[in-house]
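Asks: Would you mind keeping the following structure in view while I ask a few things?
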Amino acid sequence: MSYHQFKPHNDLVDYIDAFWIVEGVQQQAIKTNILPDGCVDLIFNMGDDCKTNEGILTMQSGKPYLVGTMTTAKESILRSDNKLVGVRFKPAAFLSFYNFASLNEVTDQIIEFEQSLAPDLRKVQQSPISYLNSFFLNRQMRPKHNLSDIIKAIEAANGQVTVDCLAKRNHTTRRQLERNFQRYIGISPKEFANIVRFRSALSRIKHKRQGESLLSIAFDCGYYD
């Protein structure tokens, strides 16, 4: 499997985490686990039909798909004739480009995206990064929320912060915070914090220092049971 990711244009870095391209390079099918990251993705299938979601869903060739915020891992099966191009939007950034009622309607789902709203797949095939930069620069709208600082606070705390504390610091109510997270991210602030905490723990495990135990990492990351 070949995976490459690319930074977006400077004017998009607050909204798009990365553009990415993944291709199968071996005859044998490769299974990969995709972990939750709090992000929404647009995926363009530029190769043959591709199975995902534990093989339940087939992303058809030449079609765009929207991947809602994930709360559990998903398994993808990649073959040599598969090629996917994706746009990973930062948390709460997707609705800066599209008018959706609420992203909690697509949480943990992969759905076919409206062709008329998607980038031109022929141009994606010809020049993916430069064309996608141009496309989303032209679609960019003023953010409809003030979640950026709250998201940064959760990430800075590695997910170890309460919803009540976040609401108090940002002069809002817990209920309003819940509504905004469900609409603009697709999950609750507590679920988002849990994902951030999990990814922080995973990173610590992958890069653990000599002599550092899994137990100490678990305690440091707020896992006590």
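All residue names refer to the structure tokens as shown: chains lettered A, B, ... in order, residues numbered from 1 in each chain, ligands numbered from 1 in order.
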List the spatial neighbours of Thr52 of chain A as a PyMOL selection string - criterion: any atom at most 12 Å away, only C-alpha atoms, same-chain residues fewer than 6 positions off excluded.

Replies: chain A and resi 30-34+43+45+58-60+65+67+73-79+82+84+109-111

Asks: Find the residues near Ala18 of chain A: any atom within 10 Å, counting only C-alpha atoms, skip ones fewer than 3 places away on the same chain, and give them as a ChimeraX atom specification.

Replies: /A:4-9,12-13,15,41,86-90,129

Asks: Go through segment 51-145 of chain A and collect every residue that DSSP, computed from the backbone, puts in strand (DSSP E or B); the answer should be as a CSV table (one decimal) with N, CA, C and O atoms, in the first residue's frame.

Replies:
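This is the output file result28.csv:
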```
chain,number,residue,atom,x,y,z
A,51,LYS,N,-13.9,-1.9,-1.2
A,51,LYS,CA,-14.7,-2.3,0.0
A,51,LYS,C,-14.2,-1.6,1.2
A,51,LYS,O,-13.0,-1.6,1.5
A,52,THR,N,-15.1,-1.2,2.1
A,52,THR,CA,-14.8,-0.6,3.3
A,52,THR,C,-15.8,-0.9,4.4
A,52,THR,O,-16.8,-1.6,4.0
A,57,LEU,N,-19.7,-2.1,2.9
A,57,LEU,CA,-19.9,-1.0,1.9
A,57,LEU,C,-18.9,-1.1,0.8
A,57,LEU,O,-17.7,-1.3,1.0
A,58,THR,N,-19.4,-0.9,-0.5
A,58,THR,CA,-18.5,-0.8,-1.6
A,58,THR,C,-18.6,0.6,-2.2
A,58,THR,O,-19.6,1.1,-2.6
A,59,MET,N,-17.4,1.2,-2.1
A,59,MET,CA,-17.3,2.6,-2.7
A,59,MET,C,-17.1,2.4,-4.2
A,59,MET,O,-16.1,1.8,-4.6
A,64,PRO,N,-17.8,10.2,-5.5
A,64,PRO,CA,-17.3,10.8,-4.2
A,64,PRO,C,-18.1,10.3,-3.0
A,64,PRO,O,-19.3,10.0,-3.2
A,65,TYR,N,-17.5,10.2,-1.9
A,65,TYR,CA,-18.2,9.7,-0.7
A,65,TYR,C,-17.8,10.7,0.5
A,65,TYR,O,-16.7,11.2,0.6
A,66,LEU,N,-18.8,10.8,1.4
A,66,LEU,CA,-18.6,11.6,2.6
A,66,LEU,C,-18.5,10.6,3.8
A,66,LEU,O,-19.3,9.7,4.0
A,67,VAL,N,-17.4,10.8,4.6
A,67,VAL,CA,-17.2,9.9,5.7
A,67,VAL,C,-17.4,10.8,7.0
A,67,VAL,O,-16.7,11.7,7.2
A,74,LYS,N,-12.8,1.5,11.7
A,74,LYS,CA,-13.4,0.9,10.5
A,74,LYS,C,-12.3,0.2,9.7
A,74,LYS,O,-11.1,0.7,9.6
A,75,GLU,N,-12.6,-1.0,9.2
A,75,GLU,CA,-11.7,-1.8,8.4
A,75,GLU,C,-11.9,-1.5,6.9
A,75,GLU,O,-13.0,-1.5,6.4
A,76,SER,N,-10.8,-1.2,6.2
A,76,SER,CA,-10.8,-1.0,4.8
A,76,SER,C,-10.0,-2.1,4.1
A,76,SER,O,-8.9,-2.5,4.6
A,77,ILE,N,-10.4,-2.5,2.9
A,77,ILE,CA,-9.7,-3.5,2.1
A,77,ILE,C,-9.2,-2.9,0.8
A,77,ILE,O,-10.0,-2.4,0.0
A,78,LEU,N,-7.9,-2.9,0.7
A,78,LEU,CA,-7.3,-2.2,-0.5
A,78,LEU,C,-6.6,-3.2,-1.4
A,78,LEU,O,-5.8,-4.1,-0.9
A,83,LYS,N,-7.5,3.1,-5.9
A,83,LYS,CA,-6.9,4.4,-5.7
A,83,LYS,C,-7.9,5.3,-5.1
A,83,LYS,O,-8.9,5.6,-5.7
A,84,LEU,N,-7.6,5.9,-4.0
A,84,LEU,CA,-8.5,6.8,-3.3
A,84,LEU,C,-7.8,8.2,-3.1
A,84,LEU,O,-6.6,8.2,-2.7
A,85,VAL,N,-8.5,9.2,-3.4
A,85,VAL,CA,-8.0,10.6,-3.1
A,85,VAL,C,-8.9,11.2,-2.0
A,85,VAL,O,-10.1,11.1,-2.2
A,86,GLY,N,-8.3,11.8,-1.0
A,86,GLY,CA,-9.2,12.3,0.1
A,86,GLY,C,-8.9,13.7,0.6
A,86,GLY,O,-7.8,14.2,0.4
A,87,VAL,N,-9.9,14.3,1.2
A,87,VAL,CA,-9.7,15.6,1.9
A,87,VAL,C,-10.1,15.4,3.3
A,87,VAL,O,-11.3,15.0,3.6
A,88,ARG,N,-9.2,15.6,4.2
A,88,ARG,CA,-9.5,15.4,5.7
A,88,ARG,C,-9.7,16.8,6.3
A,88,ARG,O,-8.8,17.6,6.3
A,89,PHE,N,-10.9,17.1,6.6
A,89,PHE,CA,-11.3,18.4,7.2
A,89,PHE,C,-11.0,18.4,8.7
A,89,PHE,O,-11.3,17.4,9.4
A,110,ILE,N,-20.7,6.2,6.0
A,110,ILE,CA,-20.1,6.6,4.7
A,110,ILE,C,-21.2,6.6,3.7
A,110,ILE,O,-21.8,5.6,3.4
A,111,ILE,N,-21.4,7.8,3.2
A,111,ILE,CA,-22.5,8.0,2.2
A,111,ILE,C,-22.0,8.6,0.9
A,111,ILE,O,-21.0,9.3,0.9
A,112,GLU,N,-22.7,8.2,-0.2
A,112,GLU,CA,-22.4,8.8,-1.5
A,112,GLU,C,-22.7,10.3,-1.4
A,112,GLU,O,-23.7,10.7,-1.0
```

Asks: I need the residue nearest Lys63 of chain A from this list: A:Pro36, A:Pro119, A:Gly222, A:Gly24. Use only C-alpha atoms for the distance.

Replies: A:Pro119

Asks: As an exercise, work out the distance from atom CA of Tyr131 of chain A to atom CA of Phe19 of chain A in Å and give it to one decimal place.

Replies: 11.1 Å

Asks: Might you pull out every residue within 10 Å of Ala101 of chain A, with only C-alpha atoms counted and same-chain residues fewer than 3 positions away left off, and present them as a PDB file with N, CA, C and O atoms, in the first residue's frame?

Replies:
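Saved result, result-v5.pdb, follows:
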```pdb
ATOM      1  N   LEU A  95     -18.372  22.409   7.631  1.00  0.00           N
ATOM      2  CA  LEU A  95     -19.476  23.319   7.323  1.00  0.00           C
ATOM      3  C   LEU A  95     -19.011  24.728   6.985  1.00  0.00           C
ATOM      4  O   LEU A  95     -19.834  25.616   6.770  1.00  0.00           O
ATOM      5  N   TYR A  98     -19.619  23.663   3.156  1.00  0.00           N
ATOM      6  CA  TYR A  98     -20.895  23.086   2.740  1.00  0.00           C
ATOM      7  C   TYR A  98     -21.992  23.425   3.746  1.00  0.00           C
ATOM      8  O   TYR A  98     -21.729  23.526   4.949  1.00  0.00           O
ATOM      9  N   ASN A 104     -24.293  15.393  12.838  1.00  0.00           N
ATOM     10  CA  ASN A 104     -24.608  14.165  13.580  1.00  0.00           C
ATOM     11  C   ASN A 104     -25.491  13.220  12.771  1.00  0.00           C
ATOM     12  O   ASN A 104     -25.664  12.052  13.127  1.00  0.00           O
ATOM     13  N   GLU A 105     -26.037  13.707  11.647  1.00  0.00           N
ATOM     14  CA  GLU A 105     -26.828  12.851  10.769  1.00  0.00           C
ATOM     15  C   GLU A 105     -25.965  11.839  10.008  1.00  0.00           C
ATOM     16  O   GLU A 105     -26.484  10.841   9.498  1.00  0.00           O
ATOM     17  N   ARG A 183     -23.782  19.517  15.906  1.00  0.00           N
ATOM     18  CA  ARG A 183     -24.041  20.080  14.578  1.00  0.00           C
ATOM     19  C   ARG A 183     -22.776  20.179  13.729  1.00  0.00           C
ATOM     20  O   ARG A 183     -22.758  19.765  12.575  1.00  0.00           O
ATOM     21  N   TYR A 184     -21.695  20.722  14.303  1.00  0.00           N
ATOM     22  CA  TYR A 184     -20.527  21.055  13.497  1.00  0.00           C
ATOM     23  C   TYR A 184     -19.457  19.968  13.471  1.00  0.00           C
ATOM     24  O   TYR A 184     -18.594  19.977  12.595  1.00  0.00           O
TER      25      TYR A 184
END
```

Asks: I'd like to know which residues of segment 31-218 of chain A are helix (DSSP H, G or I) (by DSSP, run on the backbone); could you write them as a ChimeraX atom specification?

Replies: /A:94-96,103-105,115-117,121-126,128-139,148-156,163-169,174-184,189-206,214-218

Asks: Would you pick out the contacts of Phe181 of chain A at 10 Å or less, using only C-alpha atoms, so that residues sharing its chain but fewer than 5 positions from it are not included, and give the list as a list in words?

Replies: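 Everything that qualifies: Pro91, Ala92, Ser102, Leu103, Asn104, His145, Leu147, Ile151, Gln176, Gly186, Ile187, Ser188, Pro189, Lys190, Glu191 and Phe192 of chain A.
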